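Peer 1: Please read through the structure below; I'll follow up with questions.
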Amino acid sequence: MVLRVGVVGGGQLARMMIPAAVNLGIEIRVLAEAEGMSAALAATAVGDYRDLATVAAFAAEVDVVTFDHEHVPQPVLRALVDAGVRVHPGPEALQFAQDKLRMRERLQALGMPQPEWAAVSDEAQLQAFIDANGGRAVVKTPRGGYDGKGVRLVSSAAEASDWFAAVADDPAGSALLVEELVDFRRELAQLVARRPGGEVRHWPVVETVQKGGVCAEVFAPAPNATARLVEVAGEIGDAIVSGLGVTGVMAVELFQTVDDRLLVNELAMRPHNSGHWTQDGSVTSQFEQHLRAVLDLPLGDTAAGAPWTVMMNILGGPLEGTLDARYVAAMQEVPHAKIHNYGKDPRPGRKVGHVNVVGENLDDVTFDARAAAAYFEG
Ligand code: ADP
């Protein structure tokens with residue numbers, strides 16, 4: 001019998017699960033938000049992921065439900081589980097990716113290293129935190145943030161007054177998260193996978209570079225990382241994925257501080273931009289691993305297949321459908337670059353694809369990845 005995986009959300013993460021599913025002999029179906037989305041290459045239903053009847057009807061046709069994003073509401077997820085649907089990751093785990101305050105509380109209980117943080121319910125509490133942390137702090141909306149939206153550096157509580165007003169009537173909680181402004185050397189990401197049976201495997205920790213709040217470049221493995229740093233990052237990933245009972249792929253975004261501590265920034269419970277390098281640079285890609293994990297199949301080897309992989313995002317470039325002249329030029333000039341096209345309409349700043357380059361020498365690989373991606377700029 002052919003196994004069927006249902007992916008809620010029709011974006012590029014669902015799209016990139018499709019070739020992995022084809023190779024595994026798994027059927028993949030997508031519940032997309034609209035017609036013509038990135039993952040519409042698979043059998044696609046269109047419907048509202050917030051509507052229980054819609055999601056339940058979709059779930060009835062598949063063996064396991066998983067996600068392209070973390071936005072399916074908790075009541076919908078819990079109703080599916082109560083009805084006997086296999087949901088991975090499940091609602092218990094997903095709540096910690098949906099709500100940054102719950103995440104901070106839970107990670108604290110697990111003893112994970114984190115920035116100083118607090119839940120603040122009004123401007124007086126926020127101001128007290130700012131005053132106690134050097135006059136500046138990072139305020140975050142607990143829910144609904146992505147790509148830096150919902151994150152604000154403030155030096156006075158009044159700068160977050162609009163956000164206090166916005167969450168005042170939120171039934172899920174009216175506090176904001178505030179964190180110390182971490183003095184970090186760089187940002188890292190630890191990718192890890194776990195199956196329901198408990199098996200866990202992590203990839204080597206990578207360095208991520210953000211531009212304007214959006215992931216721009218990933219270097220795999222993280223350059224100049226000591227063996228101890230690699231080990232500790234892996235241990236953090238393993239402890240969180242097991243401690244939170246996550247099933248599937250999870251990314252832990254980390255800060256490496258100027259004094260070389262690792263602090264957890266946030267979690268993503270799905271394949272993640274920091275793991276796109278695995279498509280061409282690892283024995284097992286994060287998309288294949290996610291499918292194996294949610295189906296409770298043995299996990300694949302997470303070793304890197306080459307010394308270095310560099311991933312560059314293509315933001316808003318001309319990657320729509322057809323192979324236009326710049327796409328062809330990139331293929332021509334950097335033939336070893338692997339170009340991944342999400343089939344999305346280009347808009348300024350929108351992630352429409354990425355480039356992976358794999359090789360022996362980090363400088364060469366970086367140069368070539370940037371050269372290939374540059375064809376899509378502007
Ligand atoms: P999002 O959910 O939008 O990805 P994040 O919590 O990851 O938000 O924050 C986005 C970016 O803001 C991070 O990648 C980092 O560069 C910066 N940032 C977030 N929290 C802090 C912090 N406590 N100190 C310093 N920089 C931070």
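Every chain in the structure tokens takes a letter, A first, then B, and so on in the order presented; its residues are numbered from 1, and the ligands are numbered from 1 following the presented order.
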Using only C-alpha atoms and all ligand atoms, find each protein or nucleic acid residue lying at most 7 Å from ligand 1; present the set as a VMD selection string.

Peer 2: chain A and resid 115 138 145 to 151 179 to 183 210 213 265 to 266

Peer 1: Okay, now the selection with C-alpha atoms, as a CSV table (one decimal), in the first residue's frame?

Peer 2:
```
chain,number,residue,atom,x,y,z
A,115,PRO,CA,18.8,35.2,26.5
A,138,VAL,CA,14.2,43.4,22.1
A,145,GLY,CA,5.8,36.9,13.8
A,146,TYR,CA,8.1,35.8,10.9
A,147,ASP,CA,11.1,37.2,9.0
A,148,GLY,CA,11.7,39.8,11.7
A,149,LYS,CA,8.1,41.1,11.7
A,150,GLY,CA,7.1,41.2,15.3
A,151,VAL,CA,10.6,41.9,16.6
A,179,GLU,CA,14.6,39.8,25.8
A,180,GLU,CA,18.0,41.3,26.5
A,181,LEU,CA,19.7,42.6,23.4
A,182,VAL,CA,22.2,39.8,22.8
A,183,ASP,CA,25.7,40.8,21.9
A,210,GLN,CA,20.2,37.6,7.9
A,213,GLY,CA,15.4,40.3,9.0
A,265,ASN,CA,16.7,32.4,19.8
A,266,GLU,CA,13.7,30.5,18.4
```

Peer 1: Please report as a tab-separated table every residue of segment 173-276 of chain A lying within 7 Å of segment 87-96 of chain A, along with the nearest atom pair and their distance in Å (one decimal), using only C-alpha atoms.

Peer 2:
```
residue	atom	partner	partner_atom	distance
A:Leu244	CA	A:Ala93	CA	5.5
A:Gly245	CA	A:Ala93	CA	5.9
A:Val246	CA	A:Ala93	CA	5.4
A:Thr247	CA	A:Pro89	CA	4.6
A:Gly248	CA	A:Pro89	CA	6.1
A:Met269	CA	A:Leu94	CA	6.9
```

Peer 1: Could you write out that same residue set with all heavy atoms as a PDB file, in the first residue's frame?

Peer 2:
```
ATOM      1  N   LEU A 244      10.652  18.442  23.966  1.00  0.00           N
ATOM      2  CA  LEU A 244       9.359  18.982  23.540  1.00  0.00           C
ATOM      3  C   LEU A 244       8.516  17.941  22.798  1.00  0.00           C
ATOM      4  O   LEU A 244       7.388  18.221  22.400  1.00  0.00           O
ATOM      5  CB  LEU A 244       9.565  20.209  22.635  1.00  0.00           C
ATOM      6  CG  LEU A 244       9.651  21.574  23.330  1.00  0.00           C
ATOM      7  CD1 LEU A 244      10.626  21.577  24.476  1.00  0.00           C
ATOM      8  CD2 LEU A 244      10.016  22.669  22.328  1.00  0.00           C
ATOM      9  N   GLY A 245       9.078  16.771  22.564  1.00  0.00           N
ATOM     10  CA  GLY A 245       8.334  15.726  21.860  1.00  0.00           C
ATOM     11  C   GLY A 245       8.035  16.085  20.418  1.00  0.00           C
ATOM     12  O   GLY A 245       6.989  15.727  19.870  1.00  0.00           O
ATOM     13  N   VAL A 246       8.988  16.774  19.773  1.00  0.00           N
ATOM     14  CA  VAL A 246       8.771  17.183  18.378  1.00  0.00           C
ATOM     15  C   VAL A 246       8.935  15.974  17.470  1.00  0.00           C
ATOM     16  O   VAL A 246       9.833  15.153  17.677  1.00  0.00           O
ATOM     17  CB  VAL A 246       9.786  18.276  17.971  1.00  0.00           C
ATOM     18  CG1 VAL A 246       9.569  18.704  16.522  1.00  0.00           C
ATOM     19  CG2 VAL A 246       9.679  19.474  18.905  1.00  0.00           C
ATOM     20  N   THR A 247       8.088  15.865  16.466  1.00  0.00           N
ATOM     21  CA  THR A 247       8.228  14.828  15.448  1.00  0.00           C
ATOM     22  C   THR A 247       8.368  15.513  14.100  1.00  0.00           C
ATOM     23  O   THR A 247       7.656  16.471  13.805  1.00  0.00           O
ATOM     24  CB  THR A 247       7.011  13.898  15.463  1.00  0.00           C
ATOM     25  OG1 THR A 247       5.821  14.681  15.633  1.00  0.00           O
ATOM     26  CG2 THR A 247       7.112  12.898  16.606  1.00  0.00           C
ATOM     27  N   GLY A 248       9.318  15.010  13.275  1.00  0.00           N
ATOM     28  CA  GLY A 248       9.638  15.685  12.025  1.00  0.00           C
ATOM     29  C   GLY A 248      10.924  16.456  12.193  1.00  0.00           C
ATOM     30  O   GLY A 248      11.704  16.214  13.121  1.00  0.00           O
ATOM     31  N   MET A 269       9.345  24.271  13.680  1.00  0.00           N
ATOM     32  CA  MET A 269       9.037  22.829  13.675  1.00  0.00           C
ATOM     33  C   MET A 269       8.544  22.393  12.309  1.00  0.00           C
ATOM     34  O   MET A 269       7.367  22.105  12.097  1.00  0.00           O
ATOM     35  CB  MET A 269       8.017  22.522  14.770  1.00  0.00           C
ATOM     36  CG  MET A 269       8.618  22.748  16.134  1.00  0.00           C
ATOM     37  SD  MET A 269       7.502  22.316  17.440  1.00  0.00           S
ATOM     38  CE  MET A 269       8.355  23.053  18.837  1.00  0.00           C
TER      39      MET A 269
END
```

Peer 1: Considering only alpha helix (DSSP H) as DSSP defines it on the backbone, what residues of segment 53-136 of chain A qualify? List them as a PyMOL selection string.

Peer 2: chain A and resi 53-59+74-82+91-98+100-109+123-132

Peer 1: Using the chain letters and numbers from this document, which residues of segment 133-312 of chain A does DSSP assign to strand (DSSP E or B), as a PyMOL selection string?

Peer 2: chain A and resi 137-140+146+149+151-154+176-180+184-194+200-202+206-211+214-220+248-257+262-268+282+304+308-312

Peer 1: In Å, with one decimal, what is the gap from atom CA of Ala369 of chain A to atom CA of Val252 of chain A?

Peer 2: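 Spanning atom CA of Ala369 of chain A to atom CA of Val252 of chain A is a straight-line distance of 24.2 Å.
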
Peer 1: Can you list every residue of segment 198-219 of chain A that has an atom at most 9 Å from segment 300-319 of chain A, with its nearest atom pair and the distance in Å to one decimal, using only C-alpha atoms, ordered by chain then number, as a tab-separated table?

Peer 2:
```
residue	atom	partner	partner_atom	distance
A:Arg201	CA	A:Thr302	CA	6.9
A:His202	CA	A:Thr302	CA	6.4
A:Trp203	CA	A:Thr302	CA	5.1
A:Pro204	CA	A:Ala303	CA	7.4
A:Cys215	CA	A:Asn313	CA	7.3
A:Ala216	CA	A:Asn313	CA	5.3
A:Glu217	CA	A:Met312	CA	4.6
A:Val218	CA	A:Met311	CA	5.0
A:Phe219	CA	A:Val310	CA	4.8
```

Peer 1: Determine the nearest neighbour of Ala166 of chain A from the options A:Gly84, A:Gly134, A:Ser121, A:Val5, counting only C-alpha atoms.

Peer 2: A:Ser121

Peer 1: Can you pull out every residue within 12 Å of Pro73 of chain A, counting only C-alpha atoms, but drop anything in the same chain fewer than 4 positions away, and send it as a PDB file with N, CA, C and O atoms, in the first residue's frame?

Peer 2:
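The resulting file, around_1.pdb, is shown below:
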```pdb
ATOM      1  N   VAL A   8      -0.204  20.471   5.112  1.00  0.00           N
ATOM      2  CA  VAL A   8      -1.045  21.665   5.213  1.00  0.00           C
ATOM      3  C   VAL A   8      -0.179  22.885   4.909  1.00  0.00           C
ATOM      4  O   VAL A   8       0.807  23.138   5.607  1.00  0.00           O
ATOM      5  N   ASP A  48      -9.195  26.539   3.642  1.00  0.00           N
ATOM      6  CA  ASP A  48      -8.755  27.347   4.778  1.00  0.00           C
ATOM      7  C   ASP A  48      -8.225  26.432   5.889  1.00  0.00           C
ATOM      8  O   ASP A  48      -8.983  25.642   6.458  1.00  0.00           O
ATOM      9  N   TYR A  49      -6.922  26.562   6.206  1.00  0.00           N
ATOM     10  CA  TYR A  49      -6.319  25.691   7.227  1.00  0.00           C
ATOM     11  C   TYR A  49      -6.820  26.011   8.638  1.00  0.00           C
ATOM     12  O   TYR A  49      -6.520  25.299   9.582  1.00  0.00           O
ATOM     13  N   ARG A  50      -7.587  27.090   8.785  1.00  0.00           N
ATOM     14  CA  ARG A  50      -8.140  27.424  10.106  1.00  0.00           C
ATOM     15  C   ARG A  50      -9.508  26.790  10.326  1.00  0.00           C
ATOM     16  O   ARG A  50     -10.078  26.855  11.410  1.00  0.00           O
ATOM     17  N   ASP A  51     -10.046  26.165   9.267  1.00  0.00           N
ATOM     18  CA  ASP A  51     -11.395  25.600   9.328  1.00  0.00           C
ATOM     19  C   ASP A  51     -11.321  24.092   9.567  1.00  0.00           C
ATOM     20  O   ASP A  51     -10.784  23.341   8.742  1.00  0.00           O
ATOM     21  N   LEU A  52     -11.864  23.651  10.695  1.00  0.00           N
ATOM     22  CA  LEU A  52     -11.728  22.240  11.086  1.00  0.00           C
ATOM     23  C   LEU A  52     -12.311  21.300  10.032  1.00  0.00           C
ATOM     24  O   LEU A  52     -11.690  20.295   9.683  1.00  0.00           O
ATOM     25  N   VAL A  55      -9.912  20.947   7.099  1.00  0.00           N
ATOM     26  CA  VAL A  55      -8.685  20.208   7.406  1.00  0.00           C
ATOM     27  C   VAL A  55      -9.018  18.743   7.693  1.00  0.00           C
ATOM     28  O   VAL A  55      -8.282  17.833   7.274  1.00  0.00           O
ATOM     29  N   HIS A  69       3.833  25.174   7.392  1.00  0.00           N
ATOM     30  CA  HIS A  69       3.927  26.343   8.278  1.00  0.00           C
ATOM     31  C   HIS A  69       3.331  25.964   9.633  1.00  0.00           C
ATOM     32  O   HIS A  69       2.786  24.863   9.793  1.00  0.00           O
ATOM     33  N   LEU A  77      -5.931  21.455  15.493  1.00  0.00           N
ATOM     34  CA  LEU A  77      -4.961  20.370  15.653  1.00  0.00           C
ATOM     35  C   LEU A  77      -5.449  19.354  16.689  1.00  0.00           C
ATOM     36  O   LEU A  77      -5.368  18.144  16.483  1.00  0.00           O
ATOM     37  N   ARG A  78      -5.956  19.865  17.807  1.00  0.00           N
ATOM     38  CA  ARG A  78      -6.370  18.963  18.890  1.00  0.00           C
ATOM     39  C   ARG A  78      -7.609  18.154  18.483  1.00  0.00           C
ATOM     40  O   ARG A  78      -7.726  16.979  18.832  1.00  0.00           O
ATOM     41  N   ALA A  79      -8.501  18.762  17.716  1.00  0.00           N
ATOM     42  CA  ALA A  79      -9.685  18.018  17.241  1.00  0.00           C
ATOM     43  C   ALA A  79      -9.263  16.897  16.294  1.00  0.00           C
ATOM     44  O   ALA A  79      -9.820  15.797  16.331  1.00  0.00           O
ATOM     45  N   LEU A  80      -8.262  17.160  15.459  1.00  0.00           N
ATOM     46  CA  LEU A  80      -7.770  16.108  14.561  1.00  0.00           C
ATOM     47  C   LEU A  80      -7.207  14.939  15.371  1.00  0.00           C
ATOM     48  O   LEU A  80      -7.517  13.778  15.109  1.00  0.00           O
ATOM     49  N   GLY A  90       2.849  17.147  16.553  1.00  0.00           N
ATOM     50  CA  GLY A  90       1.539  17.242  17.181  1.00  0.00           C
ATOM     51  C   GLY A  90       1.338  18.579  17.876  1.00  0.00           C
ATOM     52  O   GLY A  90       2.279  19.358  18.040  1.00  0.00           O
ATOM     53  N   PRO A  91       0.092  18.839  18.295  1.00  0.00           N
ATOM     54  CA  PRO A  91      -0.217  20.135  18.910  1.00  0.00           C
ATOM     55  C   PRO A  91       0.573  20.437  20.171  1.00  0.00           C
ATOM     56  O   PRO A  91       0.950  21.594  20.393  1.00  0.00           O
ATOM     57  N   GLU A  92       0.863  19.415  20.976  1.00  0.00           N
ATOM     58  CA  GLU A  92       1.629  19.648  22.214  1.00  0.00           C
ATOM     59  C   GLU A  92       2.977  20.277  21.905  1.00  0.00           C
ATOM     60  O   GLU A  92       3.430  21.186  22.592  1.00  0.00           O
ATOM     61  N   LEU A  94       3.820  21.681  18.820  1.00  0.00           N
ATOM     62  CA  LEU A  94       3.691  22.869  17.964  1.00  0.00           C
ATOM     63  C   LEU A  94       3.389  24.144  18.741  1.00  0.00           C
ATOM     64  O   LEU A  94       3.750  25.240  18.304  1.00  0.00           O
ATOM     65  N   GLN A  95       2.736  24.010  19.896  1.00  0.00           N
ATOM     66  CA  GLN A  95       2.413  25.225  20.647  1.00  0.00           C
ATOM     67  C   GLN A  95       3.672  26.021  20.987  1.00  0.00           C
ATOM     68  O   GLN A  95       3.624  27.243  21.092  1.00  0.00           O
ATOM     69  N   ALA A  97       6.240  26.374  19.091  1.00  0.00           N
ATOM     70  CA  ALA A  97       6.687  27.133  17.919  1.00  0.00           C
ATOM     71  C   ALA A  97       5.686  28.226  17.573  1.00  0.00           C
ATOM     72  O   ALA A  97       6.003  29.163  16.837  1.00  0.00           O
ATOM     73  N   GLN A  98       4.474  28.105  18.091  1.00  0.00           N
ATOM     74  CA  GLN A  98       3.419  29.082  17.773  1.00  0.00           C
ATOM     75  C   GLN A  98       3.427  30.259  18.734  1.00  0.00           C
ATOM     76  O   GLN A  98       2.870  31.310  18.425  1.00  0.00           O
ATOM     77  N   ASP A  99       4.012  30.066  19.907  1.00  0.00           N
ATOM     78  CA  ASP A  99       3.932  31.098  20.941  1.00  0.00           C
ATOM     79  C   ASP A  99       5.312  31.216  21.605  1.00  0.00           C
ATOM     80  O   ASP A  99       5.753  30.303  22.302  1.00  0.00           O
ATOM     81  N   ARG A 143       3.034  35.752  19.165  1.00  0.00           N
ATOM     82  CA  ARG A 143       2.436  34.959  18.096  1.00  0.00           C
ATOM     83  C   ARG A 143       2.429  35.718  16.769  1.00  0.00           C
ATOM     84  O   ARG A 143       2.296  36.940  16.743  1.00  0.00           O
ATOM     85  N   GLY A 144       2.570  34.961  15.682  1.00  0.00           N
ATOM     86  CA  GLY A 144       2.345  35.520  14.343  1.00  0.00           C
ATOM     87  C   GLY A 144       3.529  36.225  13.712  1.00  0.00           C
ATOM     88  O   GLY A 144       3.411  36.738  12.607  1.00  0.00           O
ATOM     89  N   ALA A 172      -5.521  34.447  23.622  1.00  0.00           N
ATOM     90  CA  ALA A 172      -4.395  33.543  23.873  1.00  0.00           C
ATOM     91  C   ALA A 172      -3.392  34.131  24.866  1.00  0.00           C
ATOM     92  O   ALA A 172      -2.440  33.464  25.260  1.00  0.00           O
TER      93      ALA A 172
END
```

Peer 1: List as CSV every residue of segment 189-294 of chain A that is in contact with segment 24-47 of chain A, defined as an atom at most 10 Å from one of its atoms (using only C-alpha atoms), together with the nearest atom pair and the distance in Å rounded to one decimal, sorted by chain and then rising number.

Peer 2:
```
residue,atom,partner,partner_atom,distance
A:Glu288,CA,A:Leu24,CA,8.0
A:Leu291,CA,A:Ile26,CA,8.7
A:Arg292,CA,A:Leu24,CA,8.8
```

Peer 1: Excluding Gln289 of chain A and residues on its chain fewer than 5 positions from it, collect all residues at most 10 Å away from it, counting only C-alpha atoms, and give them as a ChimeraX atom specification.

Peer 2: /A:17,20,192-195,201,248-249,271,284,294-295,297-302
